[in-house]
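Student: File follows, model.txt with compact mmCIF, C-alpha atoms:
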# COMPACT_ATOMS: atom_id res chain seq x y z
CA MET B 1 192.33 181.14 99.68
CA SER B 2 194.83 180.59 102.48
CA ARG B 3 194.21 178.01 105.17
CA PRO B 4 193.53 179.33 108.67
CA PRO B 5 196.46 179.23 111.11
CA SER B 6 196.97 176.83 113.97
CA PHE B 7 196.55 177.57 117.67
CA VAL B 8 200.32 177.96 118.09
CA PRO B 9 201.27 181.63 118.61
CA PRO B 10 204.24 182.88 116.60
CA PRO B 11 207.49 183.85 118.34
CA GLY B 12 207.21 186.99 120.42
CA VAL B 13 203.52 186.51 121.28
CA ARG B 14 202.91 186.15 125.01
CA ALA B 15 199.90 184.30 126.45
CA TYR B 16 198.73 185.41 129.90
CA ARG B 17 195.72 186.61 131.87
CA LEU B 18 195.15 190.37 131.70
CA ALA B 19 194.05 191.67 135.11
CA THR B 20 191.27 194.26 134.96
CA ALA B 21 188.79 195.85 137.34
CA ARG B 22 186.19 193.32 136.11
CA GLY B 23 188.31 190.18 136.37
CA ASP B 24 191.06 188.48 134.40
CA PHE B 25 190.87 187.85 130.65
CA ALA B 26 192.99 185.45 128.60
CA VAL B 27 195.01 187.33 125.99
CA LEU B 28 197.68 186.91 123.34
CA ASP B 29 199.94 189.96 123.46
CA ALA B 30 202.54 190.81 120.81
CA ALA B 31 205.02 193.64 121.37
CA PRO B 32 206.08 195.80 118.42
CA THR B 33 209.35 194.93 116.70
CA ALA B 34 209.62 198.39 115.11
CA PRO B 35 209.45 201.81 116.80
CA PRO B 36 206.18 201.77 118.77
CA ARG B 37 203.21 203.49 117.17
CA GLY B 38 200.35 202.35 119.40
CA THR B 39 198.39 199.48 120.89
CA ALA B 40 195.40 197.64 119.42
CA LEU B 41 192.78 195.60 121.29
CA LEU B 42 191.28 192.81 119.15
CA LEU B 43 187.86 191.30 119.94
CA PRO B 44 186.90 187.95 118.35
CA GLY B 45 183.49 186.94 117.09
CA PHE B 46 180.81 184.38 117.82
CA THR B 47 182.26 180.88 118.50
CA GLY B 48 185.70 182.42 117.96
CA SER B 49 188.63 183.24 120.21
CA LYS B 50 191.79 185.29 120.47
CA GLU B 51 193.52 182.70 118.26
CA ASP B 52 191.57 183.97 115.25
CA PHE B 53 194.00 186.92 115.13
CA ILE B 54 197.22 184.87 115.39
CA ALA B 55 198.36 185.60 111.86
CA LEU B 56 198.03 189.38 112.34
CA HIS B 57 200.47 189.71 115.24
CA GLU B 58 203.77 189.47 113.35
CA PRO B 59 202.99 191.88 110.49
CA LEU B 60 201.43 194.41 112.86
CA ALA B 61 204.38 194.14 115.24
CA ALA B 62 206.66 194.86 112.28
CA ALA B 63 204.56 197.97 111.58
CA GLY B 64 205.13 199.19 115.15
CA TYR B 65 201.88 198.10 116.78
CA ARG B 66 201.37 196.13 119.95
CA THR B 67 198.39 193.83 119.44
CA VAL B 68 196.39 192.29 122.28
CA ALA B 69 193.78 189.72 121.28
CA VAL B 70 191.36 188.78 124.04
CA ASP B 71 188.94 185.99 124.89
CA GLY B 72 185.78 187.68 126.11
CA ARG B 73 183.85 186.54 129.15
CA GLY B 74 182.79 182.92 128.62
CA GLN B 75 184.93 182.55 125.47
CA TYR B 76 187.51 179.75 125.32
CA GLU B 77 190.16 180.47 128.02
CA THR B 78 188.28 183.24 129.85
CA PRO B 79 185.81 181.53 132.20
CA GLY B 80 182.21 182.54 132.63
CA PRO B 81 179.03 181.08 134.14
CA PRO B 82 177.75 178.12 132.08
CA ASP B 83 174.06 178.57 132.89
CA ASP B 84 173.45 182.25 133.69
CA GLU B 85 173.05 184.52 130.66
CA THR B 86 173.08 187.76 132.70
CA PRO B 87 176.88 188.35 132.53
CA TYR B 88 176.71 188.10 128.74
CA ALA B 89 174.30 190.96 128.13
CA GLN B 90 175.83 193.26 125.53
CA ALA B 91 176.25 196.12 128.01
CA GLU B 92 178.15 193.83 130.38
CA LEU B 93 180.49 192.69 127.62
CA ALA B 94 180.97 196.32 126.54
CA HIS B 95 181.95 197.30 130.09
CA ASP B 96 184.48 194.45 130.02
CA VAL B 97 186.05 196.03 126.93
CA LEU B 98 186.32 199.41 128.65
CA THR B 99 188.22 197.85 131.55
CA GLN B 100 190.46 195.88 129.17
CA ALA B 101 191.39 199.11 127.41
CA ALA B 102 192.08 200.76 130.76
CA ALA B 103 194.36 197.88 131.75
CA LEU B 104 196.33 198.41 128.53
CA ASP B 105 196.98 202.08 129.29
CA ALA B 106 194.34 203.47 126.95
CA PRO B 107 193.77 205.00 124.47
CA VAL B 108 193.97 201.98 122.17
CA HIS B 109 192.87 201.17 118.65
CA LEU B 110 189.80 198.93 118.97
CA VAL B 111 189.07 196.16 116.44
CA GLY B 112 185.97 193.96 116.61
CA HIS B 113 185.36 191.03 114.30
CA SER B 114 181.72 190.10 113.58
CA LEU B 115 179.99 189.79 116.98
CA GLY B 116 183.11 191.45 118.41
CA GLY B 117 182.31 194.46 116.25
CA GLN B 118 178.89 194.80 117.81
CA ILE B 119 180.43 194.59 121.29
CA ALA B 120 183.13 197.10 120.27
CA ARG B 121 180.44 199.48 119.00
CA ALA B 122 178.56 199.18 122.29
CA ALA B 123 181.73 199.95 124.24
CA VAL B 124 182.45 203.06 122.14
CA LEU B 125 178.88 204.26 122.62
CA LEU B 126 179.26 203.87 126.39
CA ASP B 127 182.55 205.79 126.47
CA PRO B 128 184.74 206.62 123.46
CA THR B 129 187.59 208.15 125.49
CA PRO B 130 189.64 204.92 125.93
CA PHE B 131 189.94 204.52 122.17
CA ARG B 132 191.99 206.09 119.39
CA SER B 133 189.94 204.48 116.61
CA LEU B 134 187.32 201.84 115.88
CA THR B 135 187.57 199.15 113.21
CA LEU B 136 184.51 197.05 112.44
CA MET B 137 185.74 193.89 110.73
CA SER B 138 183.04 191.95 108.87
CA SER B 139 180.51 193.40 111.29
CA GLY B 140 177.38 195.05 109.96
CA PRO B 141 174.93 197.74 110.98
CA ALA B 142 172.30 195.52 112.62
CA GLN B 143 171.29 191.85 112.86
CA VAL B 144 172.90 189.18 110.68
CA SER B 145 171.34 187.95 107.46
CA VAL B 146 168.26 185.71 107.59
CA PRO B 147 170.15 182.50 106.63
CA GLN B 148 172.64 183.18 109.41
CA GLN B 149 169.84 183.88 111.86
CA GLN B 150 168.44 180.46 111.02
CA ARG B 151 171.80 178.82 111.67
CA VAL B 152 172.29 180.59 114.95
CA LYS B 153 168.77 179.67 116.07
CA LEU B 154 169.47 176.03 115.27
CA LEU B 155 172.62 176.19 117.36
CA ARG B 156 170.82 177.89 120.26
CA ASP B 157 168.03 175.31 120.16
CA ALA B 158 170.57 172.50 120.23
CA LEU B 159 172.44 174.01 123.17
CA ALA B 160 169.20 174.21 125.13
CA VAL B 161 168.75 170.42 125.08
CA MET B 162 172.21 168.93 124.40
CA SER B 163 175.60 169.03 126.06
CA MET B 164 178.45 170.94 124.44
CA ALA B 165 180.12 167.63 123.59
CA ASP B 166 176.95 166.26 121.98
CA VAL B 167 176.48 169.44 119.95
CA TRP B 168 180.07 169.19 118.76
CA GLU B 169 179.53 165.60 117.64
CA ALA B 170 176.33 166.60 115.85
CA ILE B 171 178.16 169.40 114.04
CA GLN B 172 180.84 166.98 112.87
CA ALA B 173 178.28 164.40 111.74
CA MET B 174 176.45 167.01 109.64
CA GLU B 175 179.60 168.39 108.06
CA PRO B 176 180.07 167.64 104.35
CA PRO B 177 183.15 165.67 103.25
CA GLU B 178 186.32 167.74 103.23
CA PRO B 179 187.37 168.96 99.79
CA PRO B 180 190.92 168.41 98.51
CA GLU B 181 193.55 170.33 100.45
CA GLU B 182 194.09 173.02 97.83
CA SER B 183 190.43 174.04 98.00
CA THR B 184 189.83 173.71 101.74
CA PRO B 185 187.38 176.45 102.79
CA SER B 186 188.37 179.14 105.22
CA ASN B 187 186.07 177.77 107.90
CA PRO B 188 186.63 174.01 108.26
CA ASP B 189 184.38 173.69 111.30
CA SER B 190 181.30 175.30 109.76
CA ALA B 191 178.12 173.25 109.53
CA ASP B 192 174.37 173.73 109.62
CA LEU B 193 174.32 173.46 113.41
CA ASP B 194 177.29 175.77 113.80
CA SER B 195 177.50 179.49 113.14
CA GLY B 196 178.37 178.83 109.52
CA ASP B 197 180.37 181.67 108.05
CA LEU B 198 179.95 183.91 111.08
CA ASP B 199 183.49 183.20 112.28
CA ALA B 200 186.27 181.19 110.74
CA GLY B 201 187.70 178.45 112.88
CA LEU B 202 191.26 177.22 112.95
CA ASP B 203 192.62 174.14 111.24
CA ASP B 204 193.54 171.75 114.05
CA ARG B 205 190.49 169.61 114.76
CA ALA B 206 191.54 168.70 118.31
CA ASP B 207 192.12 172.35 119.18
CA LEU B 208 188.80 173.31 117.63
CA ARG B 209 187.03 170.75 119.79
CA ARG B 210 188.92 171.91 122.89
CA ARG B 211 187.96 175.50 122.18
CA TRP B 212 184.33 174.59 121.58
CA LEU B 213 184.06 172.64 124.85
CA ALA B 214 185.64 175.50 126.80
CA ASN B 215 182.99 178.02 125.70
CA SER B 216 180.14 178.80 128.08
CA PRO B 217 176.81 177.55 126.67
CA ALA B 218 175.06 180.54 128.25
CA GLN B 219 177.47 182.89 126.48
CA LEU B 220 176.79 181.27 123.10
CA ILE B 221 173.03 181.39 123.64
CA ALA B 222 173.05 185.02 124.82
CA THR B 223 175.40 186.36 122.15
CA GLY B 224 173.69 184.32 119.45
CA ARG B 225 170.44 186.02 120.37
CA GLN B 226 172.20 189.40 120.16
CA LEU B 227 173.41 188.64 116.63
CA CYS B 228 169.84 187.94 115.57
CA THR B 229 168.21 190.97 117.21
CA GLU B 230 170.83 193.74 117.11
CA PRO B 231 169.23 197.07 116.09
CA ASP B 232 170.79 199.56 113.70
CA ARG B 233 172.88 201.85 115.91
CA VAL B 234 174.81 203.49 113.09
CA PRO B 235 173.29 206.97 113.65
CA GLU B 236 174.43 206.89 117.29
CA LEU B 237 177.91 205.73 116.30
CA ALA B 238 178.21 208.34 113.54
CA ALA B 239 177.91 211.04 116.20
CA VAL B 240 181.03 209.77 118.00
CA PRO B 241 184.15 211.75 117.04
CA LEU B 242 186.47 208.78 116.43
CA PRO B 243 188.27 207.68 113.25
CA MET B 244 186.42 204.62 111.96
CA HIS B 245 187.22 201.84 109.55
CA VAL B 246 184.96 199.21 107.96
CA ILE B 247 186.92 196.23 106.63
CA SER B 248 185.67 192.97 105.14
CA GLY B 249 186.40 190.34 102.58
CA ASP B 250 184.92 190.56 99.10
CA ARG B 251 182.29 187.95 100.05
CA ASP B 252 180.31 187.79 103.27
CA ASP B 253 177.28 185.69 104.11
CA ALA B 254 176.65 187.30 107.49
CA TRP B 255 176.25 190.88 106.22
CA PRO B 256 176.07 191.40 102.44
CA LEU B 257 178.71 193.77 101.12
CA PRO B 258 176.25 196.51 100.07
CA LEU B 259 175.19 196.78 103.73
CA LEU B 260 178.81 197.18 104.80
CA ASP B 261 179.47 199.71 102.03
CA ASP B 262 176.46 201.75 103.06
CA MET B 263 177.43 201.60 106.73
CA ALA B 264 180.87 202.97 105.92
CA VAL B 265 179.28 205.90 104.08
CA ARG B 266 176.92 206.59 106.97
CA LEU B 267 179.85 206.55 109.41
CA ASP B 268 182.15 208.57 107.13
CA ALA B 269 184.54 205.67 107.73
CA ARG B 270 187.42 204.32 105.71
CA ARG B 271 186.28 201.30 103.68
CA THR B 272 188.61 198.39 102.89
CA VAL B 273 187.66 195.28 100.92
CA VAL B 274 190.25 192.50 101.20
CA ARG B 275 190.23 190.60 97.93
CA GLY B 276 190.09 186.83 98.14
CA ALA B 277 188.72 186.85 101.69
CA GLU B 278 185.32 185.94 103.04
CA HIS B 279 183.88 186.60 106.51
CA SER B 280 187.27 186.39 108.24
CA PRO B 281 189.90 188.43 106.38
CA ASN B 282 192.05 188.10 109.52
CA THR B 283 192.50 184.37 108.73
CA ASP B 284 191.82 184.30 104.98
CA ARG B 285 194.23 187.08 103.98
CA PRO B 286 196.14 188.12 107.12
CA GLN B 287 198.98 189.98 105.41
CA ASP B 288 196.63 192.17 103.36
CA THR B 289 194.40 192.69 106.40
CA ALA B 290 197.35 193.70 108.58
CA LYS B 291 198.54 196.19 105.94
CA ALA B 292 195.09 197.78 105.79
CA LEU B 293 194.87 198.04 109.57
CA ALA B 294 198.34 199.55 109.90
CA ARG B 295 197.69 202.11 107.15
CA PHE B 296 194.49 203.19 108.87
CA TRP B 297 196.13 203.45 112.29
CA ASP B 298 199.10 205.34 110.82
CA ASP B 299 196.67 207.99 109.57
CA CYS B 300 194.87 208.41 112.90
CA PRO B 301 195.68 211.49 114.99
CA PRO B 302 198.14 210.91 117.84
CA PRO B 303 196.66 210.57 121.33
CA ALA B 304 196.02 213.83 123.11
Could the structure of this file be written out as C-alpha cells, please?
Tutor:
Amino acid sequence: MSRPPSFVPPPGVRAYRLATARGDFAVLDAAPTAPPRGTALLLPGFTGSKEDFIALHEPLAAAGYRTVAVDGRGQYETPGPPDDETPYAQAELAHDVLTQAAALDAPVHLVGHSLGGQIARAAVLLDPTPFRSLTLMSSGPAQVSVPQQQRVKLLRDALAVMSMADVWEAIQAMEPPEPPEESTPSNPDSADLDSGDLDAGLDDRADLRRRWLANSPAQLIATGRQLCTEPDRVPELAAVPLPMHVISGDRDDAWPLPLLDDMAVRLDARRTVVRGAEHSPNTDRPQDTAKALARFWDDCPPPA
C-alpha cells in the first residue's frame, strides 16, 4: 500500500482563502491542464483536511477537471469557535458547502470523504441545484461501526477534559511501534484515542501535529457525535435526481463493504471498489481513485 503524501502541494496547486457568503474557507485549488471538463469540490473527513486530497489534483487536472479541496469550518486552516458547538451542527456545515459551491460558479461535482460524505449528503438534500453529481467516498448510509463509535467516544471524552496538545501527546504515547517502512500503514497517526481508520493522516509528523492543534475542539466533539448518531437518509437521497457514485477501498473499518454495496444499490449509484485501499483510497491509491472519479464525471450529463 502506498504511503500517504506530504503536506506540500504539487506544482500548479494554489492555496488561498475562498470568499463566500458565509465567510472565508482555506482551499487548495488546481486548474485543469487539459481542456476543461468541470469543477469538483472535495470535502475531507473527521480529523482530516484539504491536504488529504493532495495526490488527486495532478491526475484530475490532466483529465480536465479543476479540483478545489476545502477545510471546513473549524478544520485545520479554516478557523472556527473553539468552545461553541453550534456552528458545527450538520445543517450549518451543509449550508457552508452550498455557499462554497456558489463561490465556485456552480454547478460542481461534489465529493465527500467519510464525515465529509455525510455533510455532502446533507447539502444535496438541502438544495441539489449547485451540484452536477455526488460522490460518497468511504462514507456509509448511517452511523459508523460500533468499534469506531467507541474510538470516537474516547476521543470526545478526552477533548472534554484535556487540551488539544495533551490529547495529541496521549495519542502518540498509545501508538504502537512503527512497522518497517515497506509495511507502514496508510494512517500513521491512528491510535485508540484518535479516530482510528476514519481518516488517513499524512506522513510528516510535525505537520500532523500542527494540523491537529489547529482544529477546533468543539468541531471535533460536534462532528464526532454526528458520526455516531447519523440516521439512514438513503431513501431521501435516492429521490434526488443527481448522478451518484459510491467509492471505497476493498477494506473499511468505518462502514463494512456490504453496507456500502447495499447503499449503492439503493441509490442506483455507480459503485467503485479501489483494490489495495482501505478507508482513504484518496491517499492509499490516488491514481486509481482519480481515474474512477474522472470516468464517473465524464459520464455525467453536461450542466443545463
Student: Quick one: pull the distance between atom CA of Leu126 of chain B and atom CA of Glu77 of chain B, Å, one decimal.
Tutor: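 Interatomic distance, atom CA of Leu126 of chain B to atom CA of Glu77 of chain B: 25.9 Å.
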Student: Between B:Gly80, B:Leu155, B:Arg22, B:Phe7, single out the one closest to Asp204 of chain B, counting all atoms listed in the file.
Tutor: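 Closest to Asp204 of chain B, using all atoms listed in the file: B:Phe7.
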Student: Taking into account all atoms listed in the file, which residue in the set B:Asp24, B:Glu236, B:Asp284, B:Glu58 is nearest to Ala122 of chain B?
Tutor: B:Glu236
Student: What's the separation between atom CA of Ala30 of chain B and atom CA of Leu104 of chain B, in Å to one decimal place?
Tutor: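 For atom CA of Ala30 of chain B relative to atom CA of Leu104 of chain B, the distance reads 12.5 Å.
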Student: Using only C-alpha atoms, what table do you get, as a Markdown table, when you list each residue of segment 32-124 of chain B with an atom no more than 9 Å from segment 222-233 of chain B, its nearest pair of atoms, and their distance in Å rounded to one decimal, rows by chain then rising number?
Tutor:
| residue | atom | partner | partner_atom | distance |
| --- | --- | --- | --- | --- |
| B:Phe46 | CA | B:Thr223 | CA | 7.2 |
| B:Glu85 | CA | B:Ala222 | CA | 5.9 |
| B:Thr86 | CA | B:Ala222 | CA | 8.3 |
| B:Tyr88 | CA | B:Ala222 | CA | 6.2 |
| B:Ala89 | CA | B:Ala222 | CA | 6.9 |
| B:Gln90 | CA | B:Gln226 | CA | 7.5 |
| B:Ser114 | CA | B:Leu227 | CA | 9.0 |
| B:Leu115 | CA | B:Leu227 | CA | 6.7 |
| B:Gln118 | CA | B:Glu230 | CA | 8.2 |
| B:Arg121 | CA | B:Arg233 | CA | 8.5 |
| B:Ala122 | CA | B:Arg233 | CA | 8.9 |
Student: Need to verify the contact set: Ala294 of chain B, 12 Å, all atoms listed in the file, exclusion of same-chain residues closer than 2 positions in sequence. Can you return it as a ChimeraX atom specification?
Tutor: /B:37-40,56-67,109,111,133,135,245,286-292,296-300
Student: Would you save the residues from that selection as a PDB file, in the coordinates of the input, using C-alpha atoms?
Tutor:
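Written file, selection_5.pdb:
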ATOM      1  CA  ARG B  37     203.210 203.490 117.170  1.00  0.00           C
ATOM      2  CA  GLY B  38     200.350 202.350 119.400  1.00  0.00           C
ATOM      3  CA  THR B  39     198.390 199.480 120.890  1.00  0.00           C
ATOM      4  CA  ALA B  40     195.400 197.640 119.420  1.00  0.00           C
ATOM      5  CA  LEU B  56     198.030 189.380 112.340  1.00  0.00           C
ATOM      6  CA  HIS B  57     200.470 189.710 115.240  1.00  0.00           C
ATOM      7  CA  GLU B  58     203.770 189.470 113.350  1.00  0.00           C
ATOM      8  CA  PRO B  59     202.990 191.880 110.490  1.00  0.00           C
ATOM      9  CA  LEU B  60     201.430 194.410 112.860  1.00  0.00           C
ATOM     10  CA  ALA B  61     204.380 194.140 115.240  1.00  0.00           C
ATOM     11  CA  ALA B  62     206.660 194.860 112.280  1.00  0.00           C
ATOM     12  CA  ALA B  63     204.560 197.970 111.580  1.00  0.00           C
ATOM     13  CA  GLY B  64     205.130 199.190 115.150  1.00  0.00           C
ATOM     14  CA  TYR B  65     201.880 198.100 116.780  1.00  0.00           C
ATOM     15  CA  ARG B  66     201.370 196.130 119.950  1.00  0.00           C
ATOM     16  CA  THR B  67     198.390 193.830 119.440  1.00  0.00           C
ATOM     17  CA  HIS B 109     192.870 201.170 118.650  1.00  0.00           C
ATOM     18  CA  VAL B 111     189.070 196.160 116.440  1.00  0.00           C
ATOM     19  CA  SER B 133     189.940 204.480 116.610  1.00  0.00           C
ATOM     20  CA  THR B 135     187.570 199.150 113.210  1.00  0.00           C
ATOM     21  CA  HIS B 245     187.220 201.840 109.550  1.00  0.00           C
ATOM     22  CA  PRO B 286     196.140 188.120 107.120  1.00  0.00           C
ATOM     23  CA  GLN B 287     198.980 189.980 105.410  1.00  0.00           C
ATOM     24  CA  ASP B 288     196.630 192.170 103.360  1.00  0.00           C
ATOM     25  CA  THR B 289     194.400 192.690 106.400  1.00  0.00           C
ATOM     26  CA  ALA B 290     197.350 193.700 108.580  1.00  0.00           C
ATOM     27  CA  LYS B 291     198.540 196.190 105.940  1.00  0.00           C
ATOM     28  CA  ALA B 292     195.090 197.780 105.790  1.00  0.00           C
ATOM     29  CA  PHE B 296     194.490 203.190 108.870  1.00  0.00           C
ATOM     30  CA  TRP B 297     196.130 203.450 112.290  1.00  0.00           C
ATOM     31  CA  ASP B 298     199.100 205.340 110.820  1.00  0.00           C
ATOM     32  CA  ASP B 299     196.670 207.990 109.570  1.00  0.00           C
ATOM     33  CA  CYS B 300     194.870 208.410 112.900  1.00  0.00           C
TER      34      CYS B 300
END
Student: Smallest atom-to-atom distance to Phe53 of chain B: which of B:Ala170, B:Ala34, B:Leu28, B:Val246, using only C-alpha atoms?
Tutor: B:Leu28
Student: With all atoms listed in the file as the basis for distance, which of B:Ala206, B:Ala103, B:Ala158, B:Leu237 is at the shortest distance from Leu125 of chain B?
Tutor: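 With all atoms listed in the file as the atom set, the closest residue is B:Leu237.
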Student: Separation of atom CA of Ala214 of chain B and atom CA of Gly23 of chain B, in Å?
Tutor: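 Separation of atom CA of Ala214 of chain B and atom CA of Gly23 of chain B: 17.7 Å.
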